[in-house]
Amino acid sequence: MADDNTSLQLVTFQLGDELYGVDIMDVKEIVKIQNVRPIPNAPFYVEGIINLRSEVIPIINLHKRFYLKKLASTNPDFEEDDGGFIILDIEGNKIGIIIDRVARVVSVETDEIKPPPQMISGIGTEYIQGVVRQDGGYLIILDTRRMFSAKELQKILEPDAE
């Protein structure tokens with residue numbers, strides 16, 4: 001049995017043609033797509049806000065943030081209602097990210113995680129914790145702490161502050 005220090009639990013999801021993962025400890029919940037209300041003067045990748053059980057949560061469009069194409073609906077396995085939001089808890093701030101499809105929770109051995117190549121599908125390496133070879137492809141592990149640093153959170157949560 002693997003020691004807890006040598007494995008990482010990830011919630012995996014699809015964005016476009018790629019499979020991504022985030023640390024399960026950062027995931028608050030996964031919810032179905034809801035109506036998003038736009039926020040004036042927000043960064044281009046902020047879709048808006050949702051009200052989830054009386055809590056206002058900003059929604060980030062990672063397709064826009066990372067310049068990715070959406071998952072093609074011509075894919076026979078793809079259903080429009082597969083998409084949703086992953087609600088992350090970063091330093092006590094809740095943020096939703098739009099996903100094309102939730103995959104599953106996987107356990108990855110830390111020694112299997114390789115450093116990211118210089119550029120993966122438009123995503124800067126500063127947002128990638130590492131990559132893991134899986135099922136003939138790669139699982140890209142996102143570093144949510146870097147993606148949503150204090151400076152980024154201020155831009156998202158207080159768009160007029162600049």
# chains A, B, ... in the order shown; residues from 1 in each chain; ligands from 1

call {"tool": "select_by_dssp", "arguments": {"residues": "chain A", "states": "helix (DSSP H, G or I)", "output": "PyMOL selection string"}}
result
chain A and resi 4-6+24-26+62-65+80-82+110-112+125-127+144-147+150-157+159-161

call {"tool": "residues_around", "arguments": {"residues": "Val36 (chain A)", "least_positions_apart": "3", "cutoff": "8 Å", "atoms": "only C-alpha atoms", "output": "ChimeraX atom specification"}}
result
/A:47-50,59

call {"tool": "closest_residue", "arguments": {"among": "A:Lys32, A:Arg145, A:Arg133, A:Lys151", "to": "Ile99 (chain A)", "atoms": "only C-alpha atoms"}}
result
A:Lys32

call {"tool": "residues_around", "arguments": {"residues": "Tyr45 (chain A)", "least_positions_apart": "2", "cutoff": "12 Å", "atoms": "only C-alpha atoms", "output": "VMD selection string"}}
result
chain A and resid 38 to 39 41 to 43 47 to 48 58 to 68 96 to 98 152 155 to 156 159

call {"tool": "select_by_dssp", "arguments": {"residues": "region 11-79 of chain A", "states": "strand (DSSP E)", "output": "ChimeraX atom specification"}}
result
/A:11-15,18-23,27-32,46-52,55-60

call {"tool": "residues_around", "arguments": {"residues": "Thr125 (chain A)", "least_positions_apart": "5", "cutoff": "12 Å", "atoms": "only C-alpha atoms", "output": "list in words"}}
result
Phe66, Pro115, Pro116, Pro117, Gln118, Met119, Ile120, Gly130, Val131, Ile140, Ile141, Leu142, Asp143, Arg146 and Met147 of chain A

call {"tool": "write_last_selection", "arguments": {"atoms": "N, CA, C and O atoms", "output": "PDB file, in the first residue's frame"}}
result
ATOM      1  N   PHE A  66      -6.575  30.046 -21.031  1.00  0.00           N
ATOM      2  CA  PHE A  66      -5.457  29.301 -21.609  1.00  0.00           C
ATOM      3  C   PHE A  66      -5.540  29.199 -23.136  1.00  0.00           C
ATOM      4  O   PHE A  66      -4.794  28.452 -23.742  1.00  0.00           O
ATOM      5  N   PRO A 115       8.286  17.038 -14.783  1.00  0.00           N
ATOM      6  CA  PRO A 115       8.172  18.481 -15.001  1.00  0.00           C
ATOM      7  C   PRO A 115       7.501  18.750 -16.346  1.00  0.00           C
ATOM      8  O   PRO A 115       7.674  17.965 -17.279  1.00  0.00           O
ATOM      9  N   PRO A 116       6.749  19.831 -16.435  1.00  0.00           N
ATOM     10  CA  PRO A 116       6.039  20.106 -17.688  1.00  0.00           C
ATOM     11  C   PRO A 116       6.981  20.548 -18.794  1.00  0.00           C
ATOM     12  O   PRO A 116       7.998  21.175 -18.530  1.00  0.00           O
ATOM     13  N   PRO A 117       6.620  20.225 -20.048  1.00  0.00           N
ATOM     14  CA  PRO A 117       7.372  20.778 -21.170  1.00  0.00           C
ATOM     15  C   PRO A 117       7.203  22.298 -21.166  1.00  0.00           C
ATOM     16  O   PRO A 117       6.312  22.814 -20.505  1.00  0.00           O
ATOM     17  N   GLN A 118       8.013  23.013 -21.912  1.00  0.00           N
ATOM     18  CA  GLN A 118       7.975  24.480 -21.920  1.00  0.00           C
ATOM     19  C   GLN A 118       6.584  25.041 -22.170  1.00  0.00           C
ATOM     20  O   GLN A 118       6.188  25.998 -21.563  1.00  0.00           O
ATOM     21  N   MET A 119       5.836  24.468 -23.099  1.00  0.00           N
ATOM     22  CA  MET A 119       4.513  24.995 -23.411  1.00  0.00           C
ATOM     23  C   MET A 119       3.587  23.837 -23.758  1.00  0.00           C
ATOM     24  O   MET A 119       3.932  22.989 -24.555  1.00  0.00           O
ATOM     25  N   ILE A 120       2.430  23.796 -23.114  1.00  0.00           N
ATOM     26  CA  ILE A 120       1.445  22.769 -23.419  1.00  0.00           C
ATOM     27  C   ILE A 120       0.157  23.471 -23.814  1.00  0.00           C
ATOM     28  O   ILE A 120      -0.440  24.163 -23.000  1.00  0.00           O
ATOM     29  N   GLY A 130       2.879  19.580 -12.988  1.00  0.00           N
ATOM     30  CA  GLY A 130       3.592  18.498 -13.639  1.00  0.00           C
ATOM     31  C   GLY A 130       2.679  17.747 -14.584  1.00  0.00           C
ATOM     32  O   GLY A 130       1.500  18.080 -14.720  1.00  0.00           O
ATOM     33  N   VAL A 131       3.230  16.753 -15.251  1.00  0.00           N
ATOM     34  CA  VAL A 131       2.451  15.909 -16.154  1.00  0.00           C
ATOM     35  C   VAL A 131       2.711  14.448 -15.820  1.00  0.00           C
ATOM     36  O   VAL A 131       3.790  14.081 -15.353  1.00  0.00           O
ATOM     37  N   ILE A 140      -2.397  16.510 -17.258  1.00  0.00           N
ATOM     38  CA  ILE A 140      -1.717  17.751 -16.901  1.00  0.00           C
ATOM     39  C   ILE A 140      -2.225  18.193 -15.530  1.00  0.00           C
ATOM     40  O   ILE A 140      -3.424  18.427 -15.361  1.00  0.00           O
ATOM     41  N   ILE A 141      -1.321  18.287 -14.567  1.00  0.00           N
ATOM     42  CA  ILE A 141      -1.709  18.665 -13.202  1.00  0.00           C
ATOM     43  C   ILE A 141      -1.551  20.170 -13.048  1.00  0.00           C
ATOM     44  O   ILE A 141      -0.447  20.704 -13.176  1.00  0.00           O
ATOM     45  N   LEU A 142      -2.664  20.839 -12.805  1.00  0.00           N
ATOM     46  CA  LEU A 142      -2.654  22.297 -12.655  1.00  0.00           C
ATOM     47  C   LEU A 142      -2.301  22.691 -11.233  1.00  0.00           C
ATOM     48  O   LEU A 142      -2.720  22.044 -10.268  1.00  0.00           O
ATOM     49  N   ASP A 143      -1.540  23.746 -11.103  1.00  0.00           N
ATOM     50  CA  ASP A 143      -1.177  24.298  -9.800  1.00  0.00           C
ATOM     51  C   ASP A 143      -2.142  25.444  -9.490  1.00  0.00           C
ATOM     52  O   ASP A 143      -1.946  26.572  -9.926  1.00  0.00           O
ATOM     53  N   ARG A 146      -0.861  28.775  -7.919  1.00  0.00           N
ATOM     54  CA  ARG A 146      -0.232  29.740  -8.831  1.00  0.00           C
ATOM     55  C   ARG A 146      -1.255  30.367  -9.763  1.00  0.00           C
ATOM     56  O   ARG A 146      -1.163  31.537 -10.082  1.00  0.00           O
ATOM     57  N   MET A 147      -2.210  29.546 -10.238  1.00  0.00           N
ATOM     58  CA  MET A 147      -3.239  30.077 -11.136  1.00  0.00           C
ATOM     59  C   MET A 147      -4.048  31.170 -10.461  1.00  0.00           C
ATOM     60  O   MET A 147      -4.456  32.127 -11.094  1.00  0.00           O
TER      61      MET A 147
END

call {"tool": "residues_around", "arguments": {"residues": "Glu18 (chain A)", "least_positions_apart": "3", "cutoff": "9 Å", "atoms": "only C-alpha atoms", "output": "list in words"}}
result
Phe13, Gln14, Leu15, Leu71, Ser121, Gly137, Tyr138, Leu139 and Ile140 of chain A

call {"tool": "write_last_selection", "arguments": {"atoms": "all heavy atoms", "output": "PDB file, in the first residue's frame"}}
result
ATOM      1  N   PHE A  13     -10.442  16.218 -15.128  1.00  0.00           N
ATOM      2  CA  PHE A  13     -11.508  16.749 -15.977  1.00  0.00           C
ATOM      3  C   PHE A  13     -10.949  17.057 -17.349  1.00  0.00           C
ATOM      4  O   PHE A  13      -9.744  17.183 -17.539  1.00  0.00           O
ATOM      5  CB  PHE A  13     -12.130  18.008 -15.353  1.00  0.00           C
ATOM      6  CG  PHE A  13     -11.140  19.097 -15.062  1.00  0.00           C
ATOM      7  CD1 PHE A  13     -10.885  20.091 -15.985  1.00  0.00           C
ATOM      8  CD2 PHE A  13     -10.452  19.124 -13.855  1.00  0.00           C
ATOM      9  CE1 PHE A  13      -9.973  21.101 -15.722  1.00  0.00           C
ATOM     10  CE2 PHE A  13      -9.535  20.129 -13.583  1.00  0.00           C
ATOM     11  CZ  PHE A  13      -9.295  21.124 -14.517  1.00  0.00           C
ATOM     12  N   GLN A  14     -11.859  17.180 -18.299  1.00  0.00           N
ATOM     13  CA  GLN A  14     -11.458  17.457 -19.671  1.00  0.00           C
ATOM     14  C   GLN A  14     -11.736  18.913 -20.003  1.00  0.00           C
ATOM     15  O   GLN A  14     -12.774  19.473 -19.657  1.00  0.00           O
ATOM     16  CB  GLN A  14     -12.231  16.555 -20.621  1.00  0.00           C
ATOM     17  CG  GLN A  14     -11.622  16.490 -21.976  1.00  0.00           C
ATOM     18  CD  GLN A  14     -12.003  15.223 -22.708  1.00  0.00           C
ATOM     19  OE1 GLN A  14     -12.748  14.398 -22.214  1.00  0.00           O
ATOM     20  NE2 GLN A  14     -11.476  15.071 -23.897  1.00  0.00           N
ATOM     21  N   LEU A  15     -10.745  19.526 -20.656  1.00  0.00           N
ATOM     22  CA  LEU A  15     -10.866  20.860 -21.245  1.00  0.00           C
ATOM     23  C   LEU A  15     -10.384  20.704 -22.668  1.00  0.00           C
ATOM     24  O   LEU A  15      -9.217  20.363 -22.877  1.00  0.00           O
ATOM     25  CB  LEU A  15      -9.956  21.866 -20.542  1.00  0.00           C
ATOM     26  CG  LEU A  15     -10.418  22.567 -19.299  1.00  0.00           C
ATOM     27  CD1 LEU A  15      -9.339  23.508 -18.804  1.00  0.00           C
ATOM     28  CD2 LEU A  15     -11.712  23.306 -19.504  1.00  0.00           C
ATOM     29  N   LEU A  71     -14.351  21.308 -26.058  1.00  0.00           N
ATOM     30  CA  LEU A  71     -14.470  19.929 -26.514  1.00  0.00           C
ATOM     31  C   LEU A  71     -15.482  19.882 -27.651  1.00  0.00           C
ATOM     32  O   LEU A  71     -16.584  20.398 -27.524  1.00  0.00           O
ATOM     33  CB  LEU A  71     -14.933  19.038 -25.356  1.00  0.00           C
ATOM     34  CG  LEU A  71     -15.008  17.551 -25.607  1.00  0.00           C
ATOM     35  CD1 LEU A  71     -13.622  16.995 -25.921  1.00  0.00           C
ATOM     36  CD2 LEU A  71     -15.579  16.843 -24.396  1.00  0.00           C
ATOM     37  N   SER A 121      -0.264  23.301 -25.040  1.00  0.00           N
ATOM     38  CA  SER A 121      -1.540  23.831 -25.536  1.00  0.00           C
ATOM     39  C   SER A 121      -1.813  25.261 -25.090  1.00  0.00           C
ATOM     40  O   SER A 121      -2.925  25.584 -24.688  1.00  0.00           O
ATOM     41  CB  SER A 121      -2.692  22.930 -25.084  1.00  0.00           C
ATOM     42  OG  SER A 121      -2.521  21.631 -25.527  1.00  0.00           O
ATOM     43  N   GLY A 137      -1.879   8.905 -23.204  1.00  0.00           N
ATOM     44  CA  GLY A 137      -1.837  10.361 -23.284  1.00  0.00           C
ATOM     45  C   GLY A 137      -1.202  10.930 -22.036  1.00  0.00           C
ATOM     46  O   GLY A 137      -0.448  10.240 -21.341  1.00  0.00           O
ATOM     47  N   TYR A 138      -1.513  12.182 -21.764  1.00  0.00           N
ATOM     48  CA  TYR A 138      -0.944  12.831 -20.593  1.00  0.00           C
ATOM     49  C   TYR A 138      -2.036  13.441 -19.732  1.00  0.00           C
ATOM     50  O   TYR A 138      -3.044  13.927 -20.247  1.00  0.00           O
ATOM     51  CB  TYR A 138       0.019  13.950 -21.005  1.00  0.00           C
ATOM     52  CG  TYR A 138       1.305  13.419 -21.578  1.00  0.00           C
ATOM     53  CD1 TYR A 138       1.458  13.288 -22.948  1.00  0.00           C
ATOM     54  CD2 TYR A 138       2.350  13.038 -20.747  1.00  0.00           C
ATOM     55  CE1 TYR A 138       2.625  12.788 -23.485  1.00  0.00           C
ATOM     56  CE2 TYR A 138       3.527  12.534 -21.276  1.00  0.00           C
ATOM     57  CZ  TYR A 138       3.656  12.406 -22.639  1.00  0.00           C
ATOM     58  OH  TYR A 138       4.811  11.912 -23.168  1.00  0.00           O
ATOM     59  N   LEU A 139      -1.814  13.416 -18.444  1.00  0.00           N
ATOM     60  CA  LEU A 139      -2.653  14.114 -17.477  1.00  0.00           C
ATOM     61  C   LEU A 139      -1.842  15.329 -17.038  1.00  0.00           C
ATOM     62  O   LEU A 139      -0.717  15.187 -16.553  1.00  0.00           O
ATOM     63  CB  LEU A 139      -2.963  13.213 -16.285  1.00  0.00           C
ATOM     64  CG  LEU A 139      -3.594  13.885 -15.068  1.00  0.00           C
ATOM     65  CD1 LEU A 139      -4.953  14.479 -15.416  1.00  0.00           C
ATOM     66  CD2 LEU A 139      -3.739  12.885 -13.930  1.00  0.00           C
ATOM     67  N   ILE A 140      -2.397  16.510 -17.258  1.00  0.00           N
ATOM     68  CA  ILE A 140      -1.717  17.751 -16.901  1.00  0.00           C
ATOM     69  C   ILE A 140      -2.225  18.193 -15.530  1.00  0.00           C
ATOM     70  O   ILE A 140      -3.424  18.427 -15.361  1.00  0.00           O
ATOM     71  CB  ILE A 140      -1.988  18.839 -17.958  1.00  0.00           C
ATOM     72  CG1 ILE A 140      -1.516  18.357 -19.336  1.00  0.00           C
ATOM     73  CG2 ILE A 140      -1.306  20.152 -17.561  1.00  0.00           C
ATOM     74  CD1 ILE A 140      -2.021  19.202 -20.492  1.00  0.00           C
TER      75      ILE A 140
END
